[in-house]
Amino acid sequence: MFPPLWLVTLCVAPVVSLLVWIRIKGLEYTIVNQRWIFVCLFLLPLSVVYDVLTFVRNWLVFRLNTAPLKHDKRVKEIQKQVLEWRSNGSKKPMCTSRPGYQTVSLRVGKYKKTHHNVHINLVDILGVDTERRVVRVEPLVSMGQITAMLNPLGWTLPVLPELDVLTVGGMVMGVGIETSSHKFGLFQHTCVAFELVMADGTLVRCSKDEHPDLFHAVPWSYGTLGFLVAAEIQIVPAKKYVKVNFKPAHSMSEVIKVFTEETLKKTGNNFVEGLVYSKNTAVIMTANMTDEVEEQKINDIGKYWKPWFFKHVQQYLTIGEGYEYIPLRHYYHRHTRSIFWELEDIIPFGNNPVFRYLCGWMVPPQISLLKLTQGETIRKLYEQNHVLQDMLVPLSKLPETIECFDRETKLYPLWLCPFLLPSLPGMVHPKGNEDEMYLDIGAYGTPKTKNFQFVETTRRLEEFVRSVNGFQMLYADTHMTKEEFREMFDHSLYDKLRAKLNCKQAFPEVYDKISRAVRI
């Protein structure tokens with residue numbers, strides 16, 4: 001029996017119209033100027049297929065516990081590749097073969113084409129030890145994977161960054177942060193041990209008691225001291241819900257006061273976060289895990305038909321203070337569906353109720369597919385007209401920081417996330433000898449300042465951050481000189497280990513991997 005003619009017409013007409021439009025305007029024009037068409041018709045369905053297949057595969061591996069059996073074999077294969085590189089004369093520095101489009105950074109890692117690529121396919125959770133309260137994972141395990149497997153068991157990570165696709169390797173070798181970081185520090189500070197294949201092909205395990213210098217030097221090293229093959233991370237008991245309190249602020253002074261007080265509150269909040277919607281308006285959120293809820297106050301914010309989280313929060317500027325209960329996993333990934341607010345630039349009507357009900361179940365598109373299909377034209381547009389930066393500054397410098405970002409970008413919302421920065425060895429630590437409270441200010445989107453100049457603006461932001469003893473997250477482009485970069489990041493332990501472990505020939509320096517000037 002054939003479907004009715006009206007149904008066939010309804011399904012075929014949009015596709016035919018799109019093909020005619022592409023025929024008239026050209027494929028590149030359509031992808032650049034009406035990118036949402038390409039994303040909605042092609043990337044969203046592909047992302048759903050990818051997500052389903054990946055989830056099923058990961059679930060089976062975890063339940064059948066087959067990953068530990070294969071892990072040692074995979075590590076030996078990595079060691080073999082390193083030893084072959086050495087036997088062939090060590091002619092070029094090494095890096096992983098993971099394509100640049102698979103990372104969340106806008107940066108295109110051109111060093112992949114000139115360096116010796118080592119294949120690393122380590123994507124599994126290796127085991128959960130509830131007695132020691134640690135989970136052992138491979139570096140390409142994602143945050144979404146961890147919550148899907150750990151939360152049903154009643155456990156979670158102390159610091160679990162928001163986006164599903166962020167990987168353990170990225171959080172260790174780079175940096176990871178969450179709204180619980182004011183209690184636990186950065187992701188690296190919740191790690192118990194790292195396992196690395198070194199430049200000579202040996203496998204080394206490091207912790208605060210075993211090779212402590214290496215343990216403290218690995219974070220922020222971006223794979224320039226060795227290849228991460230496993231990490232042990234603390235786990236803590238999880239509860240079913242998070243009670244979130246929303247506190248609107250309507251002046252700069254009120255934003256500073258409420259955010260600072262809630263961050264430093266002695267009784268403690270499990271989570272603290274701020275969304276700044278203009279220079280003088282913000283909503284500060286505090287939250288605590290709980291098993292006891294008021295049924296009428298439950299908000300399953302992760303459901304596909306629900307408003308995007310940052311839009312939902314914005315309403316509290318009008319309605320005043322409030323609270324609600326959000327399922328734990330929904331809370332962890334509250335910014336995933338809208339990729340914070342980046343998806344609004346790609347699908348302008350993405351938060352429309354009609355779109356959410358009809359197509360919201362396919363959102364978000366895989367970031368890797370967005371990057372893979374963006375083309376040179378879109379990439380250049382993003383590089384010249386798009387800001388994607390996280391700057392880490394002392395909490396005491398919050399007023400000056402908001403002023404600086406407002407002056408330079410006029411870009412809102414801004415994301416505020418406090419974190420404790422311990423006084424420990426490594427590339428990132430307070431200038432003094434005591435722990436200090438810092439905050440991450442995240443700016444994502446198209447700046448509204450007139451005559452925006454990407455390079456000049458980024459350099460001014462970097463200069464401000466250096467002046468307040470802050471740091472720049474290195475997933476984004478840096479336009480600092482090497483001298484400025486070394487002024488921002490403490491290289492003393494890093495340089496010592498690079499020389500001691502014979503890394504200078506084996507791996508590039510961090511600056512050479514992340515600097516735009518070096519890549520060009």
# chains A, B, ... in the order shown; residues from 1 in each chain; ligands from 1
call {"tool": "residues_around", "arguments": {"residues": "Ala67 of chain A", "least_positions_apart": "4", "cutoff": "10 Å", "atoms": "only C-alpha atoms", "output": "list of chain:residue names"}}
result
A:Asn58, A:Val61, A:Phe62, A:Arg63, A:His71, A:Asp72, A:Leu122, A:Val123, A:Asp124, A:Ile125, A:Leu126, A:Gly127, A:Val137, A:Glu138
call {"tool": "select_by_dssp", "arguments": {"residues": "segment 142-358 of chain A", "states": "helix (DSSP H, G or I)", "output": "ChimeraX atom specification"}}
result
/A:143-153,168-173,181-184,187-190,212-217,252-264,295-297,309-314,316-319,328-332,343-346,353-358
call {"tool": "residues_around", "arguments": {"residues": "segment 410-412 of chain A", "least_positions_apart": "5", "cutoff": "9 Å", "atoms": "only C-alpha atoms", "output": "PDB file with all heavy atoms, in the first residue's frame"}}
result
ATOM      1  N   LEU A 275      25.391  33.579  34.806  1.00  0.00           N
ATOM      2  CA  LEU A 275      25.210  33.940  33.405  1.00  0.00           C
ATOM      3  C   LEU A 275      24.957  35.443  33.358  1.00  0.00           C
ATOM      4  O   LEU A 275      23.971  35.937  33.905  1.00  0.00           O
ATOM      5  CB  LEU A 275      24.025  33.183  32.783  1.00  0.00           C
ATOM      6  CG  LEU A 275      24.192  31.672  32.629  1.00  0.00           C
ATOM      7  CD1 LEU A 275      22.980  31.072  31.921  1.00  0.00           C
ATOM      8  CD2 LEU A 275      25.459  31.324  31.870  1.00  0.00           C
ATOM      9  N   VAL A 276      25.879  36.159  32.702  1.00  0.00           N
ATOM     10  CA  VAL A 276      25.810  37.617  32.620  1.00  0.00           C
ATOM     11  C   VAL A 276      25.163  37.985  31.288  1.00  0.00           C
ATOM     12  O   VAL A 276      25.707  37.670  30.221  1.00  0.00           O
ATOM     13  CB  VAL A 276      27.215  38.242  32.731  1.00  0.00           C
ATOM     14  CG1 VAL A 276      27.127  39.763  32.724  1.00  0.00           C
ATOM     15  CG2 VAL A 276      27.924  37.757  33.996  1.00  0.00           C
ATOM     16  N   TYR A 277      24.007  38.667  31.350  1.00  0.00           N
ATOM     17  CA  TYR A 277      23.247  38.966  30.134  1.00  0.00           C
ATOM     18  C   TYR A 277      23.493  40.380  29.614  1.00  0.00           C
ATOM     19  O   TYR A 277      23.159  40.688  28.471  1.00  0.00           O
ATOM     20  CB  TYR A 277      21.760  38.748  30.392  1.00  0.00           C
ATOM     21  CG  TYR A 277      21.425  37.283  30.566  1.00  0.00           C
ATOM     22  CD1 TYR A 277      21.363  36.709  31.833  1.00  0.00           C
ATOM     23  CD2 TYR A 277      21.210  36.459  29.464  1.00  0.00           C
ATOM     24  CE1 TYR A 277      21.078  35.361  31.996  1.00  0.00           C
ATOM     25  CE2 TYR A 277      20.914  35.119  29.614  1.00  0.00           C
ATOM     26  CZ  TYR A 277      20.853  34.568  30.882  1.00  0.00           C
ATOM     27  OH  TYR A 277      20.567  33.232  31.044  1.00  0.00           O
ATOM     28  N   SER A 278      24.070  41.233  30.434  1.00  0.00           N
ATOM     29  CA  SER A 278      24.499  42.568  30.018  1.00  0.00           C
ATOM     30  C   SER A 278      25.471  43.053  31.079  1.00  0.00           C
ATOM     31  O   SER A 278      25.705  42.362  32.088  1.00  0.00           O
ATOM     32  CB  SER A 278      23.318  43.528  29.883  1.00  0.00           C
ATOM     33  OG  SER A 278      22.837  43.918  31.155  1.00  0.00           O
ATOM     34  N   LYS A 279      26.016  44.237  30.866  1.00  0.00           N
ATOM     35  CA  LYS A 279      26.998  44.757  31.821  1.00  0.00           C
ATOM     36  C   LYS A 279      26.412  44.864  33.224  1.00  0.00           C
ATOM     37  O   LYS A 279      27.136  44.761  34.212  1.00  0.00           O
ATOM     38  CB  LYS A 279      27.499  46.117  31.336  1.00  0.00           C
ATOM     39  CG  LYS A 279      28.637  46.701  32.164  1.00  0.00           C
ATOM     40  CD  LYS A 279      29.100  48.012  31.580  1.00  0.00           C
ATOM     41  CE  LYS A 279      30.204  48.633  32.419  1.00  0.00           C
ATOM     42  NZ  LYS A 279      30.672  49.923  31.862  1.00  0.00           N
ATOM     43  N   VAL A 387      34.316  34.977  18.592  1.00  0.00           N
ATOM     44  CA  VAL A 387      35.121  34.843  19.806  1.00  0.00           C
ATOM     45  C   VAL A 387      34.780  33.527  20.488  1.00  0.00           C
ATOM     46  O   VAL A 387      33.599  33.184  20.639  1.00  0.00           O
ATOM     47  CB  VAL A 387      34.870  36.012  20.778  1.00  0.00           C
ATOM     48  CG1 VAL A 387      35.509  35.743  22.138  1.00  0.00           C
ATOM     49  CG2 VAL A 387      35.415  37.305  20.196  1.00  0.00           C
ATOM     50  N   PHE A 405      35.808  42.822  29.174  1.00  0.00           N
ATOM     51  CA  PHE A 405      35.102  42.067  28.134  1.00  0.00           C
ATOM     52  C   PHE A 405      33.982  42.892  27.510  1.00  0.00           C
ATOM     53  O   PHE A 405      33.719  42.781  26.311  1.00  0.00           O
ATOM     54  CB  PHE A 405      34.558  40.757  28.719  1.00  0.00           C
ATOM     55  CG  PHE A 405      35.540  39.620  28.672  1.00  0.00           C
ATOM     56  CD1 PHE A 405      36.544  39.504  29.624  1.00  0.00           C
ATOM     57  CD2 PHE A 405      35.475  38.671  27.668  1.00  0.00           C
ATOM     58  CE1 PHE A 405      37.458  38.472  29.578  1.00  0.00           C
ATOM     59  CE2 PHE A 405      36.377  37.627  27.606  1.00  0.00           C
ATOM     60  CZ  PHE A 405      37.383  37.532  28.565  1.00  0.00           C
ATOM     61  N   ALA A 443      33.538  33.596  26.950  1.00  0.00           N
ATOM     62  CA  ALA A 443      32.906  34.438  25.933  1.00  0.00           C
ATOM     63  C   ALA A 443      32.809  33.643  24.644  1.00  0.00           C
ATOM     64  O   ALA A 443      33.833  33.241  24.086  1.00  0.00           O
ATOM     65  CB  ALA A 443      33.718  35.713  25.717  1.00  0.00           C
ATOM     66  N   TYR A 444      31.593  33.398  24.179  1.00  0.00           N
ATOM     67  CA  TYR A 444      31.378  32.571  23.003  1.00  0.00           C
ATOM     68  C   TYR A 444      30.358  33.242  22.088  1.00  0.00           C
ATOM     69  O   TYR A 444      29.219  33.469  22.482  1.00  0.00           O
ATOM     70  CB  TYR A 444      30.851  31.179  23.393  1.00  0.00           C
ATOM     71  CG  TYR A 444      31.382  30.628  24.700  1.00  0.00           C
ATOM     72  CD1 TYR A 444      30.522  30.373  25.778  1.00  0.00           C
ATOM     73  CD2 TYR A 444      32.744  30.376  24.863  1.00  0.00           C
ATOM     74  CE1 TYR A 444      31.002  29.870  26.972  1.00  0.00           C
ATOM     75  CE2 TYR A 444      33.227  29.890  26.067  1.00  0.00           C
ATOM     76  CZ  TYR A 444      32.360  29.641  27.115  1.00  0.00           C
ATOM     77  OH  TYR A 444      32.833  29.154  28.311  1.00  0.00           O
ATOM     78  N   GLY A 445      30.763  33.559  20.860  1.00  0.00           N
ATOM     79  CA  GLY A 445      29.799  34.118  19.915  1.00  0.00           C
ATOM     80  C   GLY A 445      30.381  35.247  19.076  1.00  0.00           C
ATOM     81  O   GLY A 445      31.598  35.429  18.984  1.00  0.00           O
ATOM     82  N   THR A 446      29.483  36.006  18.469  1.00  0.00           N
ATOM     83  CA  THR A 446      29.867  37.095  17.577  1.00  0.00           C
ATOM     84  C   THR A 446      29.875  38.409  18.345  1.00  0.00           C
ATOM     85  O   THR A 446      28.830  38.822  18.872  1.00  0.00           O
ATOM     86  CB  THR A 446      28.885  37.201  16.399  1.00  0.00           C
ATOM     87  OG1 THR A 446      28.832  35.933  15.726  1.00  0.00           O
ATOM     88  CG2 THR A 446      29.335  38.272  15.419  1.00  0.00           C
ATOM     89  N   PRO A 447      31.009  39.088  18.433  1.00  0.00           N
ATOM     90  CA  PRO A 447      31.093  40.353  19.181  1.00  0.00           C
ATOM     91  C   PRO A 447      30.196  41.428  18.571  1.00  0.00           C
ATOM     92  O   PRO A 447      29.960  41.444  17.361  1.00  0.00           O
ATOM     93  CB  PRO A 447      32.573  40.740  19.056  1.00  0.00           C
ATOM     94  CG  PRO A 447      33.274  39.478  18.689  1.00  0.00           C
ATOM     95  CD  PRO A 447      32.304  38.686  17.885  1.00  0.00           C
ATOM     96  N   LYS A 448      29.718  42.344  19.421  1.00  0.00           N
ATOM     97  CA  LYS A 448      28.844  43.432  18.970  1.00  0.00           C
ATOM     98  C   LYS A 448      29.585  44.772  18.904  1.00  0.00           C
ATOM     99  O   LYS A 448      28.961  45.794  18.587  1.00  0.00           O
ATOM    100  CB  LYS A 448      27.645  43.550  19.919  1.00  0.00           C
ATOM    101  CG  LYS A 448      26.837  42.266  20.092  1.00  0.00           C
ATOM    102  CD  LYS A 448      26.305  41.732  18.771  1.00  0.00           C
ATOM    103  CE  LYS A 448      25.362  40.548  18.971  1.00  0.00           C
ATOM    104  NZ  LYS A 448      26.025  39.354  19.520  1.00  0.00           N
ATOM    105  N   THR A 449      30.864  44.799  19.215  1.00  0.00           N
ATOM    106  CA  THR A 449      31.610  46.048  19.143  1.00  0.00           C
ATOM    107  C   THR A 449      31.788  46.473  17.690  1.00  0.00           C
ATOM    108  O   THR A 449      31.915  45.642  16.791  1.00  0.00           O
ATOM    109  CB  THR A 449      33.003  45.903  19.784  1.00  0.00           C
ATOM    110  OG1 THR A 449      33.630  44.708  19.293  1.00  0.00           O
ATOM    111  CG2 THR A 449      32.914  45.830  21.288  1.00  0.00           C
TER     112      THR A 449
END
call {"tool": "closest_residue", "arguments": {"among": "A:Asp51, A:Glu178, A:Asp213, A:Glu262", "to": "Met362 of chain A", "atoms": "only C-alpha atoms"}}
result
A:Asp51
call {"tool": "residues_around", "arguments": {"residues": "segment 320-336 of chain A", "least_positions_apart": "5", "cutoff": "9 Å", "atoms": "only C-alpha atoms", "output": "count of residues only"}}
result
43
call {"tool": "closest_residue", "arguments": {"among": "A:Cys404, A:Leu493, A:Leu392, A:Val104", "to": "Pro425 of chain A", "atoms": "only C-alpha atoms"}}
result
A:Leu493
